[in-house]
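Dropping target34.pdb in here (PDB, C-alpha atoms):
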MODEL        1
ATOM      1  CA  MET A 754      23.812 -17.500 -21.391
ATOM      2  CA  GLU A 755      20.190 -18.111 -20.451
ATOM      3  CA  ILE A 756      19.038 -17.084 -16.973
ATOM      4  CA  PRO A 757      17.689 -20.191 -15.215
ATOM      5  CA  TYR A 758      14.313 -20.514 -13.490
ATOM      6  CA  ASN A 759      12.694 -17.368 -14.888
ATOM      7  CA  VAL A 760       9.766 -19.439 -16.146
ATOM      8  CA  GLN A 761      10.074 -22.921 -14.678
ATOM      9  CA  VAL A 762       9.695 -23.464 -10.953
ATOM     10  CA  ARG A 763      12.721 -24.417  -8.824
ATOM     11  CA  GLU A 764      12.255 -27.716  -7.024
ATOM     12  CA  ASP A 765      13.769 -26.513  -3.733
ATOM     13  CA  THR A 766      11.775 -23.260  -3.369
ATOM     14  CA  GLY A 767       8.640 -24.188  -5.310
ATOM     15  CA  VAL A 768       8.584 -20.798  -7.082
ATOM     16  CA  TYR A 769      10.419 -19.225 -10.013
ATOM     17  CA  ASN A 770      13.436 -17.097  -9.065
ATOM     18  CA  SER A 771      12.034 -13.613  -9.722
ATOM     19  CA  LYS A 772       9.006 -14.339  -7.535
ATOM     20  CA  LEU A 773      11.275 -15.244  -4.621
ATOM     21  CA  GLY A 774      13.318 -12.119  -5.402
ATOM     22  CA  ILE A 775      10.340  -9.747  -5.376
ATOM     23  CA  TRP A 776       9.046 -11.188  -2.077
ATOM     24  CA  LEU A 777      12.476 -10.667  -0.469
ATOM     25  CA  PHE A 778      12.469  -7.114  -1.837
ATOM     26  CA  LEU A 779       8.955  -6.522  -0.459
ATOM     27  CA  ALA A 780      10.110  -7.862   2.928
ATOM     28  CA  SER A 781      12.845  -5.192   2.928
ATOM     29  CA  GLU A 782      10.204  -2.618   1.959
ATOM     30  CA  VAL A 783       8.060  -3.670   4.920
ATOM     31  CA  MET A 784      11.035  -2.909   7.172
ATOM     32  CA  LEU A 785      11.653   0.439   5.451
ATOM     33  CA  PHE A 786       8.089   1.651   5.977
ATOM     34  CA  GLY A 787       7.991  -0.147   9.348
ATOM     35  CA  GLY A 788      10.899   1.991  10.555
ATOM     36  CA  LEU A 789       8.962   5.125   9.657
ATOM     37  CA  PHE A 790       5.771   3.805  11.281
ATOM     38  CA  SER A 791       7.854   3.127  14.379
ATOM     39  CA  ALA A 792       9.103   6.746  14.300
ATOM     40  CA  TYR A 793       5.459   7.864  13.974
ATOM     41  CA  ILE A 794       4.435   5.909  17.094
ATOM     42  CA  LEU A 795       7.423   7.231  19.073
ATOM     43  CA  LEU A 796       6.836  10.873  18.103
ATOM     44  CA  ARG A 797       3.073  10.667  18.508
ATOM     45  CA  THR A 798       3.100   9.046  21.955
ATOM     46  CA  GLY A 799       5.692  11.593  23.096
ATOM     47  CA  ALA A 800       3.743  14.647  21.884
ATOM     48  CA  PRO A 801       1.462  16.469  24.355
ATOM     49  CA  VAL A 802      -0.827  17.597  21.471
ATOM     50  CA  TRP A 803      -1.352  15.826  18.127
ATOM     51  CA  PRO A 804      -0.963  17.217  15.512
ATOM     52  CA  PRO A 805       1.504  19.591  17.210
ATOM     53  CA  ILE A 806       0.879  23.347  17.128
ATOM     54  CA  GLY A 807       3.534  25.262  15.195
ATOM     55  CA  GLU A 808       4.115  28.735  13.792
ATOM     56  CA  HIS A 809       0.963  28.588  11.643
ATOM     57  CA  GLY A 810      -1.166  26.847  14.266
ATOM     58  CA  SER A 811      -2.351  23.241  13.906
ATOM     59  CA  ILE A 812      -2.826  21.372  10.633
ATOM     60  CA  ALA A 813      -5.970  19.696  12.063
ATOM     61  CA  HIS A 814      -8.514  21.939  10.269
ATOM     62  CA  LEU A 815      -6.706  21.544   6.933
ATOM     63  CA  LEU A 816      -6.628  17.753   7.365
ATOM     64  CA  THR A 817     -10.416  17.657   7.739
ATOM     65  CA  GLU A 818     -10.688  19.596   4.457
ATOM     66  CA  THR A 819      -8.420  17.127   2.642
ATOM     67  CA  ILE A 820     -10.195  13.940   3.805
ATOM     68  CA  PRO A 821     -12.392  13.805   0.620
ATOM     69  CA  HIS A 822      -9.254  14.060  -1.583
ATOM     70  CA  ALA A 823      -7.440  11.369   0.379
ATOM     71  CA  THR A 824     -10.560   9.131   0.266
ATOM     72  CA  PHE A 825     -10.760   9.652  -3.503
ATOM     73  CA  ASN A 826      -7.082   8.699  -3.802
ATOM     74  CA  THR A 827      -7.684   5.569  -1.713
ATOM     75  CA  VAL A 828     -10.472   4.473  -4.070
ATOM     76  CA  ILE A 829      -8.254   5.241  -7.092
ATOM     77  CA  LEU A 830      -5.409   3.097  -5.726
ATOM     78  CA  ILE A 831      -7.766   0.221  -4.884
ATOM     79  CA  LEU A 832      -9.181   0.441  -8.429
ATOM     80  CA  SER A 833      -5.645   0.399  -9.842
ATOM     81  CA  SER A 834      -4.909  -2.781  -7.872
ATOM     82  CA  VAL A 835      -7.959  -4.440  -9.431
ATOM     83  CA  THR A 836      -6.996  -3.347 -12.966
ATOM     84  CA  MET A 837      -3.422  -4.536 -12.313
ATOM     85  CA  VAL A 838      -4.528  -8.025 -11.350
ATOM     86  CA  MET A 839      -6.972  -8.038 -14.298
ATOM     87  CA  ALA A 840      -4.052  -7.210 -16.628
ATOM     88  CA  TRP A 841      -2.315 -10.380 -15.391
ATOM     89  CA  VAL A 842      -5.532 -12.401 -15.824
ATOM     90  CA  SER A 843      -5.817 -11.081 -19.428
ATOM     91  CA  LEU A 844      -2.348 -12.432 -20.214
ATOM     92  CA  LYS A 845      -3.263 -15.800 -18.693
ATOM     93  CA  MET A 846      -6.301 -15.768 -21.025
ATOM     94  CA  LYS A 847      -3.927 -14.772 -23.903
ATOM     95  CA  ASP A 848      -5.908 -11.583 -24.588
ATOM     96  CA  LEU A 849      -3.324  -8.886 -25.323
ATOM     97  CA  SER A 850      -5.814  -6.105 -26.167
ATOM     98  CA  LYS A 851      -7.528  -6.469 -22.769
ATOM     99  CA  PHE A 852      -4.098  -6.558 -21.127
ATOM    100  CA  ARG A 853      -3.284  -3.205 -22.728
ATOM    101  CA  LEU A 854      -6.626  -1.773 -21.609
ATOM    102  CA  TYR A 855      -6.190  -2.862 -17.984
ATOM    103  CA  LEU A 856      -2.510  -1.906 -17.751
ATOM    104  CA  GLY A 857      -3.259   1.481 -19.358
ATOM    105  CA  THR A 858      -6.045   2.050 -16.813
ATOM    106  CA  THR A 859      -3.619   1.196 -13.990
ATOM    107  CA  ILE A 860      -1.143   3.803 -15.267
ATOM    108  CA  VAL A 861      -3.917   6.431 -15.606
ATOM    109  CA  CYS A 862      -5.081   5.705 -12.024
ATOM    110  CA  ALA A 863      -1.495   6.122 -10.771
ATOM    111  CA  LEU A 864      -1.173   9.454 -12.586
ATOM    112  CA  ILE A 865      -4.512  10.669 -11.149
ATOM    113  CA  PHE A 866      -3.238   9.748  -7.674
ATOM    114  CA  LEU A 867      -0.111  11.867  -8.209
ATOM    115  CA  VAL A 868      -2.097  14.850  -9.561
ATOM    116  CA  VAL A 869      -4.375  14.833  -6.483
ATOM    117  CA  LYS A 870      -1.288  14.546  -4.273
ATOM    118  CA  TYR A 871       0.308  17.507  -6.064
ATOM    119  CA  PHE A 872      -2.715  19.731  -5.307
ATOM    120  CA  GLU A 873      -2.765  18.497  -1.714
ATOM    121  CA  TYR A 874       0.945  19.261  -1.248
ATOM    122  CA  SER A 875       0.749  22.712  -2.846
ATOM    123  CA  HIS A 876      -2.280  23.659  -0.708
ATOM    124  CA  LYS A 877      -0.483  22.679   2.502
ATOM    125  CA  ILE A 878       2.793  24.364   1.505
ATOM    126  CA  HIS A 879       0.895  27.519   0.459
ATOM    127  CA  GLU A 880      -0.646  27.668   3.958
ATOM    128  CA  GLY A 881       2.841  27.429   5.492
ATOM    129  CA  PHE A 882       2.656  23.776   6.526
ATOM    130  CA  VAL A 883       6.089  22.721   5.289
ATOM    131  CA  PRO A 884       8.031  19.689   6.632
ATOM    132  CA  SER A 885       9.905  21.851   9.164
ATOM    133  CA  HIS A 886       6.645  23.235  10.645
ATOM    134  CA  ASP A 887       6.161  20.440  13.198
ATOM    135  CA  THR A 888       6.830  16.704  13.700
ATOM    136  CA  TYR A 889       3.462  15.730  12.173
ATOM    137  CA  MET A 890       4.253  17.622   8.959
ATOM    138  CA  ALA A 891       7.764  16.095   8.856
ATOM    139  CA  LEU A 892       6.256  12.611   9.155
ATOM    140  CA  TYR A 893       3.463  13.441   6.702
ATOM    141  CA  PHE A 894       5.864  14.571   3.953
ATOM    142  CA  THR A 895       8.360  11.766   4.622
ATOM    143  CA  LEU A 896       5.754   8.981   4.558
ATOM    144  CA  THR A 897       3.617  10.291   1.683
ATOM    145  CA  GLY A 898       6.739  11.436  -0.206
ATOM    146  CA  LEU A 899       8.364   8.002   0.045
ATOM    147  CA  HIS A 900       5.066   6.403  -0.973
ATOM    148  CA  GLY A 901       4.806   8.862  -3.886
ATOM    149  CA  LEU A 902       8.322   7.891  -5.038
ATOM    150  CA  HIS A 903       7.184   4.269  -5.064
ATOM    151  CA  ILE A 904       4.193   5.278  -7.209
ATOM    152  CA  ILE A 905       6.526   7.084  -9.666
ATOM    153  CA  GLY A 906       8.847   4.041  -9.785
ATOM    154  CA  GLY A 907       5.832   1.813 -10.436
ATOM    155  CA  ILE A 908       4.592   4.070 -13.245
ATOM    156  CA  ILE A 909       8.011   3.912 -14.977
ATOM    157  CA  VAL A 910       8.028   0.090 -14.900
ATOM    158  CA  LEU A 911       4.357  -0.183 -15.903
ATOM    159  CA  ALA A 912       4.941   2.251 -18.794
ATOM    160  CA  TYR A 913       7.881   0.097 -19.936
ATOM    161  CA  PHE A 914       5.668  -3.004 -20.046
ATOM    162  CA  PHE A 915       2.932  -1.020 -21.804
ATOM    163  CA  GLY A 916       5.444   0.231 -24.413
ATOM    164  CA  PRO A 917       8.738  -1.370 -25.453
ATOM    165  CA  GLY A 918       8.644  -4.222 -22.915
ATOM    166  CA  ILE A 919       5.530  -5.757 -24.499
ATOM    167  CA  LYS A 920       7.685  -7.148 -27.344
ATOM    168  CA  MET A 921       8.583 -10.075 -25.100
ATOM    169  CA  TRP A 922       4.990 -11.323 -25.416
ATOM    170  CA  GLY A 923       5.775 -12.284 -29.029
ATOM    171  CA  THR A 924       8.869 -14.328 -28.173
ATOM    172  CA  GLU A 925       8.461 -15.486 -24.545
ATOM    173  CA  PRO A 926       4.799 -15.079 -23.493
ATOM    174  CA  GLU A 927       5.125 -17.098 -20.282
ATOM    175  CA  ARG A 928       8.138 -15.072 -19.096
ATOM    176  CA  PHE A 929       6.295 -11.834 -19.915
ATOM    177  CA  THR A 930       3.254 -13.024 -17.902
ATOM    178  CA  ASN A 931       5.574 -13.718 -14.949
ATOM    179  CA  ARG A 932       7.044 -10.217 -15.254
ATOM    180  CA  ILE A 933       3.556  -8.739 -15.050
ATOM    181  CA  GLU A 934       2.830 -10.869 -11.987
ATOM    182  CA  ILE A 935       6.017  -9.511 -10.360
ATOM    183  CA  ILE A 936       5.265  -5.823 -11.040
ATOM    184  CA  GLY A 937       1.691  -6.588  -9.920
ATOM    185  CA  LEU A 938       2.971  -7.793  -6.530
ATOM    186  CA  TYR A 939       4.946  -4.569  -6.159
ATOM    187  CA  TRP A 940       1.924  -2.491  -7.149
ATOM    188  CA  HIS A 941      -0.389  -4.240  -4.658
ATOM    189  CA  PHE A 942       2.214  -3.613  -1.945
ATOM    190  CA  VAL A 943       2.179   0.129  -2.759
ATOM    191  CA  ASP A 944      -1.629   0.005  -2.454
ATOM    192  CA  LEU A 945      -1.331  -1.880   0.846
ATOM    193  CA  VAL A 946       1.000   0.763   2.314
ATOM    194  CA  TRP A 947      -1.499   3.493   1.391
ATOM    195  CA  ILE A 948      -4.310   1.527   3.099
ATOM    196  CA  PHE A 949      -2.406   2.078   6.375
ATOM    197  CA  LEU A 950      -1.161   5.594   5.630
ATOM    198  CA  PHE A 951      -4.681   6.877   4.933
ATOM    199  CA  PRO A 952      -6.166   6.390   8.443
ATOM    200  CA  ILE A 953      -2.891   7.108  10.261
ATOM    201  CA  LEU A 954      -2.166  10.438   8.578
ATOM    202  CA  TYR A 955      -5.638  11.768   7.760
ATOM    203  CA  LEU A 956      -8.203  10.278  10.126
ATOM    204  CA  LEU A 957      -6.659   9.360  13.476
ATOM    205  CA  ASN A 958      -5.692  12.828  14.672
TER     206      ASN A 958
ATOM    207  CA  MET B 116      -5.036 -22.460 -15.466
ATOM    208  CA  SER B 117      -8.283 -23.162 -17.279
ATOM    209  CA  GLY B 118     -10.859 -20.611 -18.435
ATOM    210  CA  ASN B 119     -13.158 -21.716 -15.604
ATOM    211  CA  ASP B 120     -10.410 -21.110 -13.024
ATOM    212  CA  MET B 121      -9.831 -17.641 -14.434
ATOM    213  CA  ALA B 122     -13.559 -16.825 -14.399
ATOM    214  CA  HIS B 123     -13.595 -17.856 -10.733
ATOM    215  CA  HIS B 124     -10.573 -15.576 -10.059
ATOM    216  CA  VAL B 125     -12.218 -12.625 -11.819
ATOM    217  CA  ALA B 126     -15.451 -13.045  -9.828
ATOM    218  CA  ASN B 127     -13.374 -13.149  -6.636
ATOM    219  CA  TYR B 128     -11.428  -9.971  -7.567
ATOM    220  CA  ARG B 129     -14.698  -8.103  -8.152
ATOM    221  CA  LYS B 130     -15.999  -9.255  -4.769
ATOM    222  CA  ILE B 131     -12.785  -8.139  -3.033
ATOM    223  CA  PHE B 132     -12.968  -4.760  -4.802
ATOM    224  CA  VAL B 133     -16.462  -4.200  -3.352
ATOM    225  CA  TYR B 134     -15.285  -5.284   0.143
ATOM    226  CA  LEU B 135     -12.354  -2.833  -0.055
ATOM    227  CA  LEU B 136     -14.684   0.001  -1.045
ATOM    228  CA  ILE B 137     -17.005  -0.856   1.863
ATOM    229  CA  GLY B 138     -13.959  -0.907   4.173
ATOM    230  CA  THR B 139     -12.919   2.559   2.966
ATOM    231  CA  VAL B 140     -16.423   3.939   3.554
ATOM    232  CA  LEU B 141     -16.473   2.400   7.058
ATOM    233  CA  THR B 142     -13.048   3.900   7.889
ATOM    234  CA  VAL B 143     -14.190   7.401   6.917
ATOM    235  CA  THR B 144     -17.571   6.923   8.651
ATOM    236  CA  ALA B 145     -15.743   5.861  11.848
ATOM    237  CA  TYR B 146     -13.824   9.148  11.732
ATOM    238  CA  TYR B 147     -17.018  11.216  11.596
ATOM    239  CA  LEU B 148     -18.787   9.086  14.222
ATOM    240  CA  GLU B 149     -15.946   9.745  16.689
ATOM    241  CA  PHE B 150     -15.259   6.607  18.686
ATOM    242  CA  ASN B 151     -13.380   8.673  21.225
ATOM    243  CA  VAL B 152     -13.619   7.365  24.762
ATOM    244  CA  GLN B 153     -12.937   9.586  27.807
ATOM    245  CA  ASN B 154     -11.093  12.242  25.757
ATOM    246  CA  SER B 155      -8.825   9.549  24.318
ATOM    247  CA  ILE B 156      -8.726   8.644  20.637
ATOM    248  CA  ALA B 157      -7.796   5.027  21.502
ATOM    249  CA  GLY B 158     -11.238   3.813  20.314
ATOM    250  CA  ALA B 159     -10.913   5.589  16.962
ATOM    251  CA  VAL B 160      -7.332   4.300  16.519
ATOM    252  CA  PHE B 161      -8.474   0.739  17.266
ATOM    253  CA  VAL B 162     -11.412   0.890  14.815
ATOM    254  CA  GLY B 163      -9.369   2.639  12.084
ATOM    255  CA  LEU B 164      -6.403   0.266  12.298
ATOM    256  CA  THR B 165      -8.598  -2.849  12.548
ATOM    257  CA  ILE B 166     -10.401  -1.924   9.319
ATOM    258  CA  ALA B 167      -7.033  -1.097   7.669
ATOM    259  CA  ALA B 168      -5.644  -4.494   8.779
ATOM    260  CA  ILE B 169      -8.673  -6.312   7.307
ATOM    261  CA  LYS B 170      -8.317  -4.371   4.038
ATOM    262  CA  GLY B 171      -4.577  -5.136   3.981
ATOM    263  CA  TYR B 172      -5.297  -8.833   4.511
ATOM    264  CA  LEU B 173      -7.823  -8.838   1.640
ATOM    265  CA  VAL B 174      -5.269  -7.260  -0.728
ATOM    266  CA  ALA B 175      -2.418  -9.568   0.335
ATOM    267  CA  ALA B 176      -4.475 -12.777   0.361
ATOM    268  CA  ASN B 177      -6.355 -12.222  -2.894
ATOM    269  CA  PHE B 178      -4.584  -9.754  -5.204
ATOM    270  CA  MET B 179      -1.098 -10.905  -4.117
ATOM    271  CA  HIS B 180      -2.314 -14.538  -4.033
ATOM    272  CA  LEU B 181      -0.865 -15.186  -0.574
ATOM    273  CA  ASN B 182      -3.747 -17.569   0.170
ATOM    274  CA  SER B 183      -2.341 -19.976  -2.443
ATOM    275  CA  GLU B 184       1.368 -19.132  -2.221
ATOM    276  CA  LYS B 185       4.211 -21.542  -1.426
ATOM    277  CA  LYS B 186       5.511 -22.149   2.105
ATOM    278  CA  ILE B 187       8.830 -20.367   1.529
ATOM    279  CA  ILE B 188       6.996 -17.085   0.823
ATOM    280  CA  HIS B 189       4.890 -17.506   3.970
ATOM    281  CA  TRP B 190       8.022 -18.114   6.054
ATOM    282  CA  ILE B 191       9.764 -15.029   4.641
ATOM    283  CA  LEU B 192       6.726 -12.918   5.509
ATOM    284  CA  LEU B 193       6.252 -14.432   8.963
ATOM    285  CA  LEU B 194       9.882 -13.640   9.814
ATOM    286  CA  THR B 195       9.441 -10.091   8.459
ATOM    287  CA  ILE B 196       6.252  -9.521  10.457
ATOM    288  CA  PHE B 197       7.918 -10.861  13.617
ATOM    289  CA  ILE B 198      10.856  -8.434  13.245
ATOM    290  CA  LEU B 199       8.452  -5.616  12.320
ATOM    291  CA  GLY B 200       6.472  -6.390  15.496
ATOM    292  CA  LEU B 201       9.663  -6.006  17.545
ATOM    293  CA  LEU B 202      10.471  -2.749  15.757
ATOM    294  CA  LEU B 203       7.008  -1.333  16.476
ATOM    295  CA  PHE B 204       7.171  -2.560  20.079
ATOM    296  CA  ILE B 205      10.439  -0.717  20.866
ATOM    297  CA  PRO B 206       8.793   2.753  21.032
ATOM    298  CA  LEU B 207       6.206   1.336  23.453
ATOM    299  CA  LEU B 208       9.016   0.085  25.713
ATOM    300  CA  TRP B 209      10.499   3.579  25.589
ATOM    301  CA  ASP B 210       7.139   5.022  26.576
ATOM    302  CA  LEU B 211       6.680   2.543  29.455
ATOM    303  CA  ASN B 212      10.215   3.288  30.658
ATOM    304  CA  LEU B 213       9.430   7.025  30.757
ATOM    305  CA  MET B 214       6.205   6.392  32.666
ATOM    306  CA  SER B 215       8.018   4.322  35.301
ATOM    307  CA  HIS B 216      10.057   7.434  36.217
ATOM    308  CA  TYR B 217       6.931   9.379  37.244
TER     309      TYR B 217
ENDMDL
END

structure tokens encoding of this file:
Amino acid sequence: MEIPYNVQVREDTGVYNSKLGIWLFLASEVMLFGGLFSAYILLRTGAPVWPPIGEHGSIAHLLTETIPHATFNTVILILSSVTMVMAWVSLKMKDLSKFRLYLGTTIVCALIFLVVKYFEYSHKIHEGFVPSHDTYMALYFTLTGLHGLHIIGGIIVLAYFFGPGIKMWGTEPERFTNRIEIIGLYWHFVDLVWIFLFPILYLLN
Amino acid sequence: MSGNDMAHHVANYRKIFVYLLIGTVLTVTAYYLEFNVQNSIAGAVFVGLTIAAIKGYLVAANFMHLNSEKKIIHWILLLTIFILGLLLFIPLLWDLNLMSHY
């Protein structure tokens, strides 16, 4: 049985079904991260010193050191958003080789982001700043960890469309283009979350 | 969409990319300039979050095409933002309640 409205637009909503679905999913994601941002505000306003001082002192000096890495990661994620939207444009222009180039670049950017994050995590853990050190570190690892999981999830889906999933272009090009638009919306949301995490966790301390 | 429409989109994406980079540079510059007022970081928080909100709007409006999206999507997001606003406001109520006891 064919799934309805995966290409054509529904008259009542004005969009195809998967677009409505991804926006509802993103709305739930806003609430998920919103809950954690709310916890951040509550813990921060209740703390006499921020970041709190724990067994190994304050993370403040280490945060200043990691600002260049976090800035680099911000630029990388913004670049990946541009290449993601360009991948969709390439499909609209029916240029599959450019699509591959842009989608491949998006995946590489995502991997670079994770590598930088790995070095950042290991440096902090090596210095004794583990999640149980203080409330800032707990929030830092929860927020960036959850965001990192979203990046990994995105990479898996993007890799699928770069590899086996691209076959659909030969049989249902319009449906494939819509799929890329959908994963693109998810990817831009992940970028958007980082845009807020960057100042909150690294700069405003 | 025609080739001309797409060319227009591409030019717009490049422009937004540059704006986002400028926004990132401004956010980091604001950190080093220290907008702190009377030993409070309220100024820095305001500047940092305002720039982040502008960058977020640029991504949502242009890359996520919210500026040309259907009404149903706008309504879903408005409802989400309203509930998110309430969620973020609850900790402030908690804080105000604590202050009223002193």

Do you have, as a tab-separated table, the list of residues of chain A lying at most 8 Å from chain B, each with its nearest atom pair and that distance in Å to one decimal, counting all atoms listed in the file and ordered by chain then number?
residue	atom	partner	partner_atom	distance
A:Thr766	CA	B:Ile187	CA	6.4
A:Gly767	CA	B:Lys185	CA	6.5
A:Val768	CA	B:Lys185	CA	7.2
A:Leu773	CA	B:Ile188	CA	7.2
A:Trp776	CA	B:Ile188	CA	6.9
A:Leu777	CA	B:Ile191	CA	7.2
A:Ala780	CA	B:Thr195	CA	6.0
A:Val783	CA	B:Thr195	CA	7.5
A:Met784	CA	B:Leu199	CA	6.4
A:Gly787	CA	B:Leu199	CA	6.2
A:Gly788	CA	B:Leu202	CA	7.1
A:Phe790	CA	B:Leu203	CA	7.4
A:Ser791	CA	B:Leu203	CA	5.0
A:Ala792	CA	B:Pro206	CA	7.8
A:Ile794	CA	B:Pro206	CA	6.7
A:Leu795	CA	B:Pro206	CA	5.1
A:Thr798	CA	B:Asp210	CA	7.3
A:Gly799	CA	B:Asp210	CA	7.6
A:Thr824	CA	B:Thr139	CA	7.5
A:Thr827	CA	B:Thr139	CA	7.6
A:Val828	CA	B:Leu136	CA	6.8
A:Ile831	CA	B:Phe132	CA	7.2
A:Leu832	CA	B:Phe132	CA	7.4
A:Ser834	CA	B:Phe178	CA	7.5
A:Val835	CA	B:Tyr128	CA	6.8
A:Val838	CA	B:Phe178	CA	6.4
A:Met839	CA	B:Val125	CA	7.4
A:Val842	CA	B:Met121	CA	6.9
A:Lys845	CA	B:Met116	CA	7.6
A:Met846	CA	B:Gly118	CA	7.1
A:Gly937	CA	B:Met179	CA	7.8
A:Leu938	CA	B:Met179	CA	5.7
A:His941	CA	B:Met179	CA	6.7
A:Phe942	CA	B:Ala175	CA	7.9
A:Leu945	CA	B:Gly171	CA	5.6
A:Ile948	CA	B:Ala167	CA	5.9
A:Phe949	CA	B:Ala167	CA	5.8
A:Pro952	CA	B:Gly163	CA	6.1
A:Ile953	CA	B:Leu164	CA	8.0
A:Leu956	CA	B:Tyr146	CA	6.0
A:Leu957	CA	B:Val160	CA	5.9
A:Asn958	CA	B:Ile156	CA	7.9

What residues come out when you apply the PyMOL selection byres ((chain A and resi 905) around 12) to this file, written as a PyMOL selection string? chain A and resi 860+862-868+898-904+906-912+940+943

Selection file, C-alpha atoms, as a short mmCIF file (atom, residue, chain, number, x, y, z; two decimals), in the coordinates of the input:
data_model
loop_
_atom_site.label_atom_id
_atom_site.label_comp_id
_atom_site.auth_asym_id
_atom_site.auth_seq_id
_atom_site.Cartn_x
_atom_site.Cartn_y
_atom_site.Cartn_z
CA ILE A 860 -1.14 3.80 -15.27
CA CYS A 862 -5.08 5.70 -12.02
CA ALA A 863 -1.50 6.12 -10.77
CA LEU A 864 -1.17 9.45 -12.59
CA ILE A 865 -4.51 10.67 -11.15
CA PHE A 866 -3.24 9.75 -7.67
CA LEU A 867 -0.11 11.87 -8.21
CA VAL A 868 -2.10 14.85 -9.56
CA GLY A 898 6.74 11.44 -0.21
CA LEU A 899 8.36 8.00 0.04
CA HIS A 900 5.07 6.40 -0.97
CA GLY A 901 4.81 8.86 -3.89
CA LEU A 902 8.32 7.89 -5.04
CA HIS A 903 7.18 4.27 -5.06
CA ILE A 904 4.19 5.28 -7.21
CA GLY A 906 8.85 4.04 -9.78
CA GLY A 907 5.83 1.81 -10.44
CA ILE A 908 4.59 4.07 -13.24
CA ILE A 909 8.01 3.91 -14.98
CA VAL A 910 8.03 0.09 -14.90
CA LEU A 911 4.36 -0.18 -15.90
CA ALA A 912 4.94 2.25 -18.79
CA TRP A 940 1.92 -2.49 -7.15
CA VAL A 943 2.18 0.13 -2.76
#

Near-Phe915 of chain A list (8 Å; all atoms listed in the file; drop same-chain fewer than 2 positions) as a short mmCIF file (atom, residue, chain, number, x, y, z; two decimals) with C-alpha atoms, in the frame of the given file:
data_model
loop_
_atom_site.label_atom_id
_atom_site.label_comp_id
_atom_site.auth_asym_id
_atom_site.auth_seq_id
_atom_site.Cartn_x
_atom_site.Cartn_y
_atom_site.Cartn_z
CA ARG A 853 -3.28 -3.20 -22.73
CA LEU A 856 -2.51 -1.91 -17.75
CA GLY A 857 -3.26 1.48 -19.36
CA LEU A 911 4.36 -0.18 -15.90
CA ALA A 912 4.94 2.25 -18.79
CA TYR A 913 7.88 0.10 -19.94
CA PRO A 917 8.74 -1.37 -25.45
CA GLY A 918 8.64 -4.22 -22.92
CA ILE A 919 5.53 -5.76 -24.50
#

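In terms of minimum interatomic distance to Asn931 of chain A, A:Ala840 ranks closest within A:Leu815, A:Ala840, A:Gly807, A:Ala823, counting all atoms listed in the file.
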
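Note that atom CA of Val869 of chain A and atom CA of Phe825 of chain A are 8.7 Å apart.
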
For atom CA of His822 of chain A and atom CA of Phe872 of chain A, the interatomic separation in Å (one decimal):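 Atom CA of His822 of chain A sits 9.4 Å away from atom CA of Phe872 of chain A.
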
Could you give me, as a CSV table (one decimal) with C-alpha atoms, in the coordinates of the input, the residues within 9 Å of Tyr889 of chain A, counting only C-alpha atoms and dropping anything in the same chain fewer than 5 positions from it?
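Final output, around_24.csv:
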chain,number,residue,atom,x,y,z
A,793,TYR,CA,5.5,7.9,14.0
A,796,LEU,CA,6.8,10.9,18.1
A,797,ARG,CA,3.1,10.7,18.5
A,803,TRP,CA,-1.4,15.8,18.1
A,804,PRO,CA,-1.0,17.2,15.5
A,805,PRO,CA,1.5,19.6,17.2
A,812,ILE,CA,-2.8,21.4,10.6
A,884,PRO,CA,8.0,19.7,6.6
A,894,PHE,CA,5.9,14.6,4.0
A,954,LEU,CA,-2.2,10.4,8.6

I want to know what sits within 9 Å of Arg932 of chain A, based on all atoms listed in the file, with residues of the same chain fewer than 6 positions away left out; could you give that as a list of chain:residue names?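 Here the answer would be A:Ser771, A:Lys772, A:Phe914.
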
In Å, how far is it from atom CA of Val861 of chain A to atom CA of Thr819 of chain A?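 It comes out at 21.6 Å.
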
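When only C-alpha atoms are used to compute distances to Val883 of chain A, the closest of the residues A:Tyr758, A:His809, A:Ile775, A:Ala800 turns out to be A:His809.
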
Contacts of Glu808 of chain A within 10 Å, all atoms listed in the file, excl. fewer than 6 positions in-chain, as a list in words: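 These residues fall inside the cut-off: Gly881, Phe882, His886 and Asp887 of chain A.
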
How big is the axis-aligned box around all listed atoms of segment 165-169 of chain B once 8 Å goes on each side, and where's its centre, in Å to one decimal, as JSON?
{"center_x": -8.0, "center_y": -3.7, "center_z": 9.9, "size_x": 20.8, "size_y": 21.2, "size_z": 21.2}
